[in-house]
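model-v1.tsv (TSV, C-alpha atoms)
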chain	number	residue	atom	x	y	z
L	1291	MET	CA	69.74	-14.36	52.78
L	1292	ALA	CA	71.12	-10.90	53.48
L	1293	ARG	CA	69.47	-8.77	56.13
L	1294	GLY	CA	68.35	-6.29	53.52
L	1295	ASP	CA	66.69	-9.04	51.49
L	1296	ALA	CA	64.90	-10.34	54.59
L	1297	ALA	CA	63.67	-6.85	55.43
L	1298	GLU	CA	62.46	-6.38	51.85
L	1299	GLN	CA	60.59	-9.69	51.99
L	1300	ALA	CA	58.99	-8.78	55.33
L	1301	ALA	CA	57.86	-5.48	53.83
L	1302	THR	CA	56.25	-7.44	50.99
L	1303	PHE	CA	54.16	-9.35	53.53
L	1304	ARG	CA	52.95	-6.03	54.93
L	1305	ASP	CA	52.13	-4.83	51.42
L	1306	VAL	CA	50.10	-7.96	50.76
L	1307	PHE	CA	47.94	-7.54	53.85
L	1308	ALA	CA	47.46	-3.88	53.01
L	1309	VAL	CA	45.27	-4.99	50.08
L	1310	GLY	CA	41.67	-5.14	51.29
L	1311	GLU	CA	40.53	-7.77	48.81
L	1312	PHE	CA	43.39	-10.06	49.76
L	1313	ARG	CA	42.43	-9.73	53.43
L	1314	ALA	CA	38.88	-10.72	52.52
L	1315	LEU	CA	40.00	-13.78	50.54
L	1316	TRP	CA	42.38	-14.70	53.34
L	1317	ALA	CA	39.65	-14.46	55.99
L	1318	ALA	CA	37.21	-16.46	53.87
L	1319	GLN	CA	39.77	-19.21	53.44
L	1320	LEU	CA	40.52	-19.25	57.17
L	1321	LEU	CA	36.87	-19.78	58.04
L	1322	SER	CA	36.26	-22.43	55.39
L	1323	VAL	CA	39.33	-24.52	56.23
L	1324	ILE	CA	38.67	-24.47	59.97
L	1325	GLY	CA	35.13	-25.64	59.32
L	1326	ASP	CA	36.30	-28.36	56.93
L	1327	GLN	CA	38.73	-29.84	59.43
L	1328	LEU	CA	36.08	-29.67	62.13
L	1329	ALA	CA	33.71	-31.73	59.99
L	1330	ARG	CA	36.43	-34.25	59.05
L	1331	VAL	CA	37.27	-34.96	62.68
L	1332	ALA	CA	33.61	-35.21	63.62
L	1333	LEU	CA	32.63	-37.64	60.88
L	1334	THR	CA	35.80	-39.75	61.11
L	1335	VAL	CA	35.26	-40.25	64.84
L	1336	LEU	CA	31.55	-40.91	64.33
L	1337	VAL	CA	32.13	-43.62	61.72
L	1338	TYR	CA	34.87	-45.34	63.72
L	1339	ASP	CA	32.78	-45.27	66.90
L	1340	ARG	CA	29.85	-46.89	65.10
L	1341	THR	CA	31.77	-49.47	63.09
L	1342	ARG	CA	35.20	-49.91	64.76
L	1343	SER	CA	36.58	-50.24	61.22
L	1344	ALA	CA	39.78	-48.39	60.34
L	1345	LEU	CA	38.99	-48.89	56.65
L	1346	LEU	CA	35.56	-47.26	56.89
L	1347	ALA	CA	36.99	-44.40	58.94
L	1348	ALA	CA	39.64	-43.87	56.28
L	1349	ILE	CA	37.01	-43.97	53.51
L	1350	THR	CA	35.06	-41.29	55.37
L	1351	PHE	CA	38.16	-39.11	55.54
L	1352	VAL	CA	38.87	-39.76	51.86
L	1353	ALA	CA	35.30	-38.75	50.97
L	1354	SER	CA	36.32	-35.24	52.02
L	1355	ILE	CA	39.41	-35.29	49.75
L	1356	VAL	CA	38.94	-37.34	46.55
L	1357	PRO	CA	36.09	-35.18	45.15
L	1358	THR	CA	38.67	-32.43	44.78
L	1359	PHE	CA	40.14	-34.50	41.95
L	1360	ILE	CA	36.80	-34.81	40.17
L	1361	GLY	CA	35.91	-31.18	40.75
L	1362	GLY	CA	39.38	-29.91	39.92
L	1363	VAL	CA	39.40	-31.71	36.58
L	1364	THR	CA	35.78	-31.23	35.52
L	1365	LEU	CA	34.63	-28.00	37.24
L	1366	ALA	CA	37.69	-25.74	37.18
L	1367	TRP	CA	36.33	-24.10	34.01
L	1368	LEU	CA	33.57	-22.44	36.07
L	1369	ALA	CA	36.18	-20.03	37.45
L	1370	ASP	CA	36.88	-18.83	33.89
L	1371	ARG	CA	33.35	-18.95	32.48
L	1372	TYR	CA	31.44	-17.05	35.20
L	1373	PRO	CA	32.29	-14.11	37.50
L	1374	ARG	CA	34.70	-15.55	40.04
L	1375	ARG	CA	33.24	-13.66	42.99
L	1376	ALA	CA	29.79	-15.07	42.20
L	1377	VAL	CA	31.21	-18.59	41.88
L	1378	MET	CA	32.81	-18.34	45.32
L	1379	ILE	CA	29.62	-17.07	46.97
L	1380	ALA	CA	27.44	-19.70	45.30
L	1381	CYS	CA	29.80	-22.51	46.32
L	1382	ASP	CA	29.85	-21.34	49.94
L	1383	LEU	CA	26.06	-21.15	50.14
L	1384	VAL	CA	25.62	-24.62	48.61
L	1385	ARG	CA	28.17	-26.09	51.03
L	1386	CYS	CA	26.43	-24.41	53.96
L	1387	ALA	CA	23.10	-26.01	53.00
L	1388	LEU	CA	24.64	-29.46	52.52
L	1389	VAL	CA	26.39	-29.39	55.90
L	1390	LEU	CA	23.17	-28.32	57.64
L	1391	ILE	CA	21.50	-31.42	56.18
L	1392	MET	CA	24.38	-33.50	57.55
L	1393	ALA	CA	23.71	-32.05	61.01
L	1394	ILE	CA	20.17	-33.44	61.08
L	1395	PRO	CA	20.03	-36.30	63.63
L	1396	GLY	CA	19.38	-39.74	62.19
L	1397	VAL	CA	21.07	-39.31	58.82
L	1398	PRO	CA	22.56	-42.74	57.99
L	1399	LEU	CA	26.31	-43.16	57.61
L	1400	GLY	CA	26.01	-43.66	53.86
L	1401	GLY	CA	24.12	-40.40	53.57
L	1402	LEU	CA	26.69	-38.53	55.65
L	1403	VAL	CA	29.57	-39.78	53.52
L	1404	THR	CA	27.68	-38.89	50.32
L	1405	LEU	CA	26.91	-35.39	51.58
L	1406	LEU	CA	30.54	-34.92	52.61
L	1407	PHE	CA	31.56	-36.00	49.11
L	1408	LEU	CA	29.28	-33.34	47.61
L	1409	VAL	CA	30.52	-30.65	49.99
L	1410	THR	CA	34.10	-31.25	48.86
L	1411	LEU	CA	33.08	-31.50	45.20
L	1412	VAL	CA	31.46	-28.06	45.36
L	1413	GLY	CA	34.59	-26.75	47.07
L	1414	ALA	CA	36.69	-27.41	43.93
L	1415	PRO	CA	35.29	-24.55	41.82
L	1416	PHE	CA	35.51	-22.30	44.89
L	1417	SER	CA	39.25	-23.00	45.15
L	1418	SER	CA	39.72	-22.55	41.41
L	1419	ALA	CA	37.91	-19.22	41.50
L	1420	ARG	CA	39.96	-18.01	44.45
L	1421	ALA	CA	43.22	-19.08	42.78
L	1422	ALA	CA	42.21	-17.36	39.55
L	1423	ILE	CA	41.22	-14.11	41.24
L	1424	TYR	CA	44.50	-13.69	43.12
L	1425	PRO	CA	46.39	-12.36	40.05
L	1426	ASP	CA	43.71	-9.65	39.74
L	1427	VAL	CA	44.19	-8.67	43.38
L	1428	LEU	CA	47.98	-9.07	43.69
L	1429	THR	CA	50.51	-8.41	40.95
L	1430	GLY	CA	54.21	-9.13	40.50
L	1431	GLU	CA	56.11	-10.30	43.56
L	1432	ARG	CA	53.11	-9.64	45.76
L	1433	TYR	CA	51.31	-12.48	44.01
L	1434	VAL	CA	54.05	-14.98	44.88
L	1435	THR	CA	54.17	-13.70	48.46
L	1436	GLY	CA	50.41	-13.87	48.70
L	1437	THR	CA	50.54	-17.50	47.61
L	1438	ALA	CA	53.02	-18.25	50.39
L	1439	VAL	CA	50.76	-16.49	52.90
L	1440	THR	CA	47.79	-18.50	51.66
L	1441	LEU	CA	49.61	-21.82	52.07
L	1442	THR	CA	50.79	-20.83	55.54
L	1443	THR	CA	47.28	-19.81	56.50
L	1444	TYR	CA	45.92	-23.12	55.24
L	1445	GLN	CA	48.22	-25.00	57.60
L	1446	PHE	CA	47.43	-22.68	60.50
L	1447	ALA	CA	43.71	-23.11	59.86
L	1448	GLN	CA	44.21	-26.87	59.84
L	1449	VAL	CA	45.86	-26.65	63.26
L	1450	LEU	CA	42.92	-24.67	64.65
L	1451	GLY	CA	40.32	-26.81	62.90
L	1452	PHE	CA	41.79	-30.16	63.96
L	1453	ALA	CA	42.38	-29.03	67.53
L	1454	ALA	CA	38.93	-27.47	67.80
L	1455	GLY	CA	37.43	-30.53	66.15
L	1456	GLY	CA	38.78	-32.86	68.82
L	1457	VAL	CA	37.53	-30.62	71.63
L	1458	VAL	CA	34.09	-29.91	70.13
L	1459	VAL	CA	33.45	-33.53	69.22
L	1460	GLY	CA	34.65	-34.70	72.61
L	1461	PHE	CA	32.48	-32.32	74.62
L	1462	LEU	CA	29.58	-31.24	72.40
L	1463	GLY	CA	29.17	-34.03	69.85
L	1464	THR	CA	29.27	-34.36	66.08
L	1465	HIS	CA	26.06	-32.48	65.32
L	1466	VAL	CA	27.27	-29.27	66.96
L	1467	SER	CA	30.53	-29.60	65.02
L	1468	LEU	CA	28.61	-29.78	61.75
L	1469	ILE	CA	26.49	-26.75	62.61
L	1470	VAL	CA	29.65	-24.77	63.33
L	1471	ASP	CA	31.03	-25.95	59.98
L	1472	ALA	CA	27.92	-24.65	58.19
L	1473	ALA	CA	28.31	-21.32	59.94
L	1474	THR	CA	31.88	-20.97	58.66
L	1475	PHE	CA	30.69	-21.33	55.06
L	1476	ALA	CA	28.00	-18.72	55.61
L	1477	GLY	CA	30.56	-16.37	57.13
L	1478	SER	CA	32.90	-16.92	54.19
L	1479	ALA	CA	30.14	-16.05	51.71
L	1480	LEU	CA	29.33	-12.85	53.59
L	1481	ILE	CA	32.97	-11.77	53.64
L	1482	VAL	CA	33.42	-12.37	49.91
L	1483	ARG	CA	30.20	-10.56	49.05
L	1484	ALA	CA	31.06	-7.53	51.20
L	1485	ARG	CA	34.77	-7.13	50.53
L	1486	VAL	CA	35.66	-8.66	47.15
L	1487	ARG	CA	35.06	-6.43	44.13
L	1488	THR	CA	32.70	-7.55	41.38
L	1489	ARG	CA	34.47	-8.34	38.12
L	1490	PRO	CA	33.02	-9.49	34.80
L	1491	ALA	CA	33.37	-13.09	33.70
L	1492	PRO	CA	36.68	-13.69	31.91
L	1493	ALA	CA	34.78	-15.40	29.07
L	1494	VAL	CA	37.94	-17.07	27.82
L	1495	GLY	CA	37.57	-18.05	24.19
L	1496	GLY	CA	34.14	-16.52	23.70
L	1497	ARG	CA	31.86	-18.39	21.33
L	1498	HIS	CA	34.82	-20.25	19.90
L	1499	GLU	CA	35.74	-21.71	23.25
L	1500	PRO	CA	36.73	-25.40	22.89
L	1501	SER	CA	34.65	-28.16	24.37
L	1502	ARG	CA	35.10	-28.98	28.03
L	1503	LEU	CA	36.82	-32.26	27.15
L	1504	ALA	CA	39.17	-30.51	24.73
L	1505	GLY	CA	39.97	-27.92	27.37
L	1506	ILE	CA	40.76	-30.62	29.94
L	1507	ILE	CA	43.04	-32.42	27.48
L	1508	ALA	CA	44.81	-29.16	26.59
L	1509	GLY	CA	45.32	-28.40	30.27
L	1510	ALA	CA	46.76	-31.85	30.90
L	1511	ARG	CA	49.16	-31.47	27.98
L	1512	LEU	CA	50.30	-28.13	29.34
L	1513	VAL	CA	50.97	-29.41	32.84
L	1514	PHE	CA	52.51	-32.76	31.93
L	1515	GLY	CA	54.35	-31.50	28.87
L	1516	ARG	CA	56.49	-28.89	30.63
L	1517	PRO	CA	59.08	-30.08	33.16
L	1518	ALA	CA	58.90	-26.64	34.82
L	1519	LEU	CA	55.26	-27.47	35.70
L	1520	ARG	CA	55.39	-31.25	35.92
L	1521	ILE	CA	58.17	-31.63	38.48
L	1522	PRO	CA	56.87	-29.04	41.00
L	1523	MET	CA	53.47	-30.71	40.66
L	1524	PHE	CA	55.02	-34.11	41.43
L	1525	PHE	CA	56.65	-32.56	44.50
L	1526	GLY	CA	53.19	-31.44	45.56
L	1527	TRP	CA	51.74	-34.90	45.07
L	1528	LEU	CA	54.17	-36.34	47.63
L	1529	ALA	CA	51.76	-35.01	50.24
L	1530	ALA	CA	49.83	-38.26	49.75
L	1531	PHE	CA	52.58	-40.16	51.58
L	1532	TYR	CA	53.44	-37.83	54.44
L	1533	ASN	CA	49.74	-37.18	55.06
L	1534	ALA	CA	49.07	-40.91	55.46
L	1535	PRO	CA	48.68	-40.55	59.27
L	1536	GLU	CA	45.44	-38.65	58.61
L	1537	GLY	CA	43.85	-41.79	57.19
L	1538	VAL	CA	44.60	-43.93	60.25
L	1539	VAL	CA	44.48	-41.24	62.91
L	1540	THR	CA	41.54	-42.70	64.82
L	1541	PRO	CA	42.96	-46.22	65.21
L	1542	LEU	CA	46.35	-44.65	65.97
L	1543	ALA	CA	44.79	-42.59	68.76
L	1544	HIS	CA	43.02	-45.74	69.99
L	1545	ASP	CA	46.33	-47.62	70.09
L	1546	LEU	CA	47.75	-44.73	72.11
L	1547	HIS	CA	44.82	-45.02	74.56
L	1548	GLY	CA	43.30	-41.70	73.53
L	1549	GLY	CA	39.88	-40.46	72.41
L	1550	ALA	CA	38.56	-37.66	70.21
L	1551	ALA	CA	40.81	-35.03	71.80
L	1552	VAL	CA	43.91	-37.10	70.98
L	1553	VAL	CA	42.67	-37.45	67.39
L	1554	GLY	CA	42.61	-33.67	67.12
L	1555	VAL	CA	46.06	-33.29	68.66
L	1556	ILE	CA	47.61	-35.87	66.33
L	1557	LEU	CA	46.07	-34.24	63.26
L	1558	ALA	CA	47.22	-30.82	64.43
L	1559	ALA	CA	50.86	-31.86	65.00
L	1560	ALA	CA	51.95	-32.12	61.34
L	1561	ALA	CA	49.95	-29.02	60.39
L	1562	LEU	CA	51.60	-27.11	63.23
L	1563	GLY	CA	55.04	-28.16	62.01
L	1564	GLU	CA	54.25	-27.15	58.45
L	1565	THR	CA	52.94	-23.78	59.60
L	1566	GLY	CA	56.17	-23.04	61.45
L	1567	GLY	CA	58.28	-24.32	58.58
L	1568	ALA	CA	56.38	-22.24	56.04
L	1569	ILE	CA	56.88	-19.07	58.07
L	1570	MET	CA	60.61	-19.68	58.38
L	1571	LEU	CA	61.09	-20.75	54.77
L	1572	SER	CA	59.14	-17.86	53.27
L	1573	ARG	CA	60.58	-15.10	55.46
L	1574	PHE	CA	64.18	-16.09	56.09
L	1575	VAL	CA	65.28	-18.22	53.12
L	1576	ALA	CA	66.09	-16.74	49.72
L	1577	PRO	CA	64.03	-18.05	46.75
L	1578	PRO	CA	67.00	-19.79	45.03
L	1579	THR	CA	67.86	-21.55	48.29
L	1580	ARG	CA	64.25	-22.69	48.69
L	1581	LEU	CA	64.42	-24.35	45.29
L	1582	ARG	CA	67.64	-26.15	46.21
L	1583	LEU	CA	66.10	-27.34	49.49
L	1584	MET	CA	62.96	-28.75	47.89
L	1585	GLY	CA	64.45	-32.20	47.26
L	1586	PRO	CA	66.06	-32.77	50.68
L	1587	LEU	CA	63.01	-31.45	52.53
L	1588	ALA	CA	60.62	-33.58	50.46
L	1589	VAL	CA	62.66	-36.69	51.28
L	1590	GLY	CA	62.78	-35.73	54.95
L	1591	ALA	CA	59.02	-35.16	55.20
L	1592	CYS	CA	58.44	-38.80	54.24
L	1593	ALA	CA	61.54	-40.51	55.63
L	1594	ILE	CA	61.01	-39.30	59.22
L	1595	LEU	CA	57.74	-41.28	59.32
L	1596	VAL	CA	59.74	-44.53	59.13
L	1597	LEU	CA	60.40	-44.01	62.86
L	1598	PHE	CA	56.79	-45.04	63.48
L	1599	PHE	CA	57.96	-48.59	62.81
L	1600	TRP	CA	59.17	-48.68	66.42
L	1601	GLN	CA	55.69	-47.63	67.62
L	1602	PRO	CA	56.58	-44.58	69.74
L	1603	GLY	CA	54.18	-43.32	72.38
L	1604	LEU	CA	52.10	-40.17	72.08
L	1605	PRO	CA	54.93	-37.66	72.75
L	1606	GLY	CA	57.26	-39.41	70.27
L	1607	SER	CA	54.50	-39.65	67.66
L	1608	LEU	CA	53.72	-35.95	67.95
L	1609	LEU	CA	57.40	-35.04	67.64
L	1610	ILE	CA	57.79	-37.13	64.48
L	1611	LEU	CA	54.71	-35.53	62.93
L	1612	VAL	CA	55.89	-32.02	63.78
L	1613	VAL	CA	59.28	-32.67	62.15
L	1614	SER	CA	57.55	-34.14	59.08
L	1615	GLY	CA	55.43	-31.00	58.89
L	1616	LEU	CA	58.48	-28.76	59.15
L	1617	CYS	CA	60.05	-30.54	56.17
L	1618	ALA	CA	56.77	-30.43	54.25
L	1619	SER	CA	57.03	-26.63	54.14
L	1620	TYR	CA	58.95	-27.19	50.87
L	1621	GLN	CA	55.48	-27.02	49.29
L	1622	ILE	CA	55.79	-23.21	49.35
L	1623	ALA	CA	58.75	-23.40	46.96
L	1624	ALA	CA	57.00	-26.00	44.78
L	1625	ASN	CA	53.86	-23.86	44.57
L	1626	ALA	CA	55.82	-20.71	43.72
L	1627	ALA	CA	57.71	-22.58	40.98
L	1628	PHE	CA	54.42	-23.89	39.58
L	1629	VAL	CA	52.83	-20.43	39.58
L	1630	THR	CA	55.82	-18.82	37.91
L	1631	ALA	CA	55.79	-21.36	35.08
L	1632	THR	CA	52.01	-21.31	34.44
L	1633	PRO	CA	50.56	-18.98	31.77
L	1634	HIS	CA	48.10	-16.52	33.31
L	1635	GLU	CA	45.22	-17.51	31.04
L	1636	ARG	CA	45.62	-21.19	31.99
L	1637	ARG	CA	46.25	-20.80	35.70
L	1638	SER	CA	42.82	-21.92	36.89
L	1639	GLN	CA	42.83	-25.11	34.80
L	1640	ALA	CA	46.44	-25.90	35.73
L	1641	PHE	CA	45.74	-25.47	39.44
L	1642	GLY	CA	42.61	-27.59	39.14
L	1643	LEU	CA	44.55	-30.47	37.60
L	1644	ALA	CA	47.43	-30.21	40.04
L	1645	GLN	CA	45.16	-30.05	43.08
L	1646	GLY	CA	42.93	-32.77	41.69
L	1647	GLY	CA	45.85	-35.12	41.18
L	1648	MET	CA	47.09	-34.44	44.69
L	1649	SER	CA	43.67	-35.26	46.12
L	1650	LEU	CA	43.38	-38.46	44.09
L	1651	GLY	CA	46.79	-39.61	45.30
L	1652	GLN	CA	45.88	-38.81	48.88
L	1653	GLY	CA	42.62	-40.70	48.55
L	1654	ILE	CA	44.31	-43.82	47.19
L	1655	VAL	CA	47.03	-43.82	49.87
L	1656	LEU	CA	44.55	-43.17	52.67
L	1657	ILE	CA	42.25	-45.98	51.59
L	1658	LEU	CA	45.16	-48.41	51.32
L	1659	ALA	CA	46.45	-47.27	54.71
L	1660	GLY	CA	43.03	-47.68	56.27
L	1661	ALA	CA	42.65	-51.17	54.83
L	1662	ALA	CA	46.10	-52.16	56.08
L	1663	ALA	CA	45.35	-50.75	59.54
L	1664	ASP	CA	42.56	-53.30	59.93
L	1665	SER	CA	45.24	-56.03	59.95
L	1666	TYR	CA	48.38	-54.23	61.13
L	1667	SER	CA	49.10	-51.52	63.67
L	1668	ALA	CA	48.49	-47.95	62.50
L	1669	ALA	CA	52.06	-47.01	63.40
L	1670	ARG	CA	53.55	-49.70	61.14
L	1671	VAL	CA	51.27	-48.63	58.28
L	1672	ILE	CA	52.47	-45.03	58.63
L	1673	ALA	CA	56.09	-46.22	58.58
L	1674	VAL	CA	55.57	-48.10	55.31
L	1675	CYS	CA	53.88	-45.10	53.68
L	1676	GLY	CA	56.79	-42.92	54.77
L	1677	ALA	CA	59.33	-45.31	53.29
L	1678	VAL	CA	57.54	-45.50	49.93
L	1679	GLY	CA	57.18	-41.73	49.86
L	1680	ALA	CA	60.88	-41.23	50.61
L	1681	VAL	CA	61.84	-43.39	47.63
L	1682	ALA	CA	59.46	-41.47	45.36
L	1683	ALA	CA	60.83	-38.17	46.68
L	1684	LEU	CA	64.38	-39.26	45.90
L	1685	VAL	CA	63.42	-40.00	42.29
L	1686	ILE	CA	61.65	-36.64	41.85
L	1687	ALA	CA	64.47	-34.74	43.56
L	1688	ALA	CA	67.03	-36.38	41.27
L	1689	SER	CA	65.01	-35.36	38.21
L	1690	TRP	CA	64.75	-31.80	39.52
L	1691	ALA	CA	68.48	-31.63	40.18
L	1692	ARG	CA	69.34	-32.87	36.69
L	1693	GLY	CA	68.15	-29.71	34.99
L	1694	HIS	CA	64.92	-28.19	36.26
L	1695	GLN	CA	66.24	-25.76	38.86
L	1696	ALA	CA	64.97	-22.88	36.72
L	1697	PRO	CA	61.20	-23.35	36.94
L	1698	GLY	CA	60.39	-20.22	34.99
L	1699	ARG	CA	61.91	-21.73	31.84
L	1700	HIS	CA	59.43	-23.17	29.32
Let's see the structure in the file written out as structure tokens.
Amino acid sequence: MARGDAAEQAATFRDVFAVGEFRALWAAQLLSVIGDQLARVALTVLVYDRTRSALLAAITFVASIVPTFIGGVTLAWLADRYPRRAVMIACDLVRCALVLIMAIPGVPLGGLVTLLFLVTLVGAPFSSARAAIYPDVLTGERYVTGTAVTLTTYQFAQVLGFAAGGVVVGFLGTHVSLIVDAATFAGSALIVRARVRTRPAPAVGGRHEPSRLAGIIAGARLVFGRPALRIPMFFGWLAAFYNAPEGVVTPLAHDLHGGAAVVGVILAAAALGETGGAIMLSRFVAPPTRLRLMGPLAVGACAILVLFFWQPGLPGSLLILVVSGLCASYQIAANAAFVTATPHERRSQAFGLAQGGMSLGQGIVLILAGAAADSYSAARVIAVCGAVGAVAALVIAASWARGHQAPGRH
């Protein structure tokens, strides 16, 4: 990228943060994600401590992910049917109440997992509403840049949330962690209410709006029927493989002779790498180059995990996860390609399906990894997931290279 192009792109970042509504959405996301990761660490550690089962710990972690598939497919329409600002506030308040119930001492494990499932389910329409409102707040190139900022922020918030989760759980316990999580949702709702402008409901289709099932089918046909949408989405779904360490993080930390703090550090390593990679990729690499790098980086994000087969110690494990995260920054290019190819009036439904599929894939891989970790070492399980993901990435990258380098083409 030429220096002038880099300077122009940096100026675009400044322009994005100059928009007050974007800053509000950005801050709300930061709070919510930090709280989510805090709760995940707390409950995963709690379940493993009580049961010593890697499978149950993985299921607990998955209970905070898989509902995104259900919500993304079945509830994304809320972001188009009702005022998006109101949807975001309502979702935050409901999640706050659910997490406060989770913080009550004596709630059985089954109840905690169920409540966590509901918290994540309610988060799906929140994410759809936020994704749908961005085009109203940012236009043109600022929208694409804002998307990159949002993805980068998500990774940064994961770093803070995972790291804080390990510390808080280790020193103050799970109940305090859950109370802090509830407070983040309340803070997010206040920010959205105070700083995001009220807009009328889009009311897509009016009285002649198709049934919910017909709308879901139409959205699926749109996403799967266009290579310009389908292939970037498949690139996104590869996250299921390189995020496999999240499902076995507690037994991995145990094998490395660490406790809750080590769990937080391990979870933060990949997110830290992806944060750094996203910053470099979005600021210093030209958009066409990003698209060309998607395939190699996607393969690298998974293939590097094969090194876990040799069961490295804590420093080696953290280094591998950081490198995997750096490669995983290709998601910025995949997301931008997906946004560019999606019709504005279908963006919420398309994002719901894409995010839902990603969450379903992550849930399946994490459960399988957790089950395998009950019989094999967590490091070996991670290595196998990385190898499978690398093969899948090679297939997707080959398909992309054969003729889909121009994602804006329909």
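Comparing the minimum interatomic distances between Ala1422 (chain L) and each of L:Ala1568, L:Leu1597, L:Leu1512, L:Ala1366, counting all atoms listed in the file, we find that L:Ala1366 sits nearest.
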Notebook entry, point to check: What separation in Å, quoted to one decimal, exists between CA of Thr1474 (chain L) and CA of Thr1440 (chain L)?
Noted result: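 Atom-to-atom, CA of Thr1474 (chain L) and CA of Thr1440 (chain L) are spaced 17.6 Å apart.
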Next item on the list: Would you mind listing what lies within 10 Å of region 1526-1531 of chain L as a ChimeraX atom specification, with all atoms listed in the file counted and same-chain residues fewer than 5 positions away left out?
Entry: /L:1520-1521,1536,1588-1589,1591-1593,1595,1618,1620-1625,1628,1644-1656,1659,1672-1680,1682-1683,1686
Next item on the list: Mind giving me the straight-line distance from CA of Trp1600 (chain L) to CA of Leu1562 (chain L) in Å, one decimal?
Entry: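 One can read the CA of Trp1600 (chain L) to CA of Leu1562 (chain L) distance as 23.1 Å.
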Margin query: Nearest residue to Ala1476 (chain L) out of L:Leu1321, L:Val1337, L:Ile1594, L:Leu1604, using all atoms listed in the file?
Written below: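 Closest to Ala1476 (chain L) of all the choices is L:Leu1321.
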Next item on the list: Please check which residues have atoms at most 12 Å from (58.6, -24.6, 43.1) in the file's coordinates, counting all atoms listed in the file, and write them as a PyMOL selection string.
Entry: chain L and resi 1434+1437-1438+1517-1526+1577-1585+1588+1619-1632+1687+1690+1694-1698
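Pairwise distance (CA of Asp1545 (chain L), CA of Ala1669 (chain L)) equals 8.8 Å.
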Sorted by chain and rising residue number, list the residues of region 1349-1444 of chain L at most 8 Å from region 1464-1472 of chain L (counting all atoms listed in the file), each with its closest atom pair and distance in Å to one decimal, as a tab-separated table.
residue	atom	partner	partner_atom	distance
L:Arg1385	CA	L:Ala1472	CA	7.3
L:Cys1386	CA	L:Ala1472	CA	4.5
L:Ala1387	CA	L:Ala1472	CA	7.2
L:Val1389	CA	L:Ala1472	CA	5.5
L:Leu1390	CA	L:Ala1472	CA	6.0
L:Met1392	CA	L:Leu1468	CA	7.0
L:Ala1393	CA	L:His1465	CA	4.9
L:Ile1394	CA	L:His1465	CA	7.3
L:Pro1395	CA	L:His1465	CA	7.3
Check: Hey, which of L:Ala1543, L:Leu1609, L:Val1538, L:Ala1640 ends up closest to Leu1658 (chain L)? Count all atoms listed in the file.
Finding: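 Once distances to Leu1658 (chain L) are computed over all atoms listed in the file, the minimum belongs to L:Val1538.
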Checklist line | Nearest to Gly1606 (chain L), chosen from L:Arg1374, L:Leu1383, L:Ala1559, L:Thr1334, with only C-alpha atoms counted in the distances | finding: L:Ala1559
Next item on the list: Identify which of the residues L:Ser1665, L:Gln1639, L:Thr1442, L:Ser1322 lies closest to Glu1564 (chain L), counting all atoms listed in the file when measuring atom-to-atom distances.
Entry: L:Thr1442
Note to self: Please list as a PyMOL selection string every residue within 12 Å of Ile1506 (chain L), counting only C-alpha atoms and excluding residues in the same chain fewer than 6 positions away.
What the structure shows: chain L and resi 1360-1367+1500+1512-1513+1636+1638-1643
Checklist line | Best match for closeness to Thr1429 (chain L) among L:Leu1608, L:Ala1329, L:Cys1381, L:Val1306, counting only C-alpha atoms | finding: L:Val1306
Notebook entry, point to check: Neighbours of Ile1556 (chain L) within 12 Å (all atoms listed in the file; same-chain residues fewer than 6 positions away dropped), as a count of residues only?
Noted result: 35
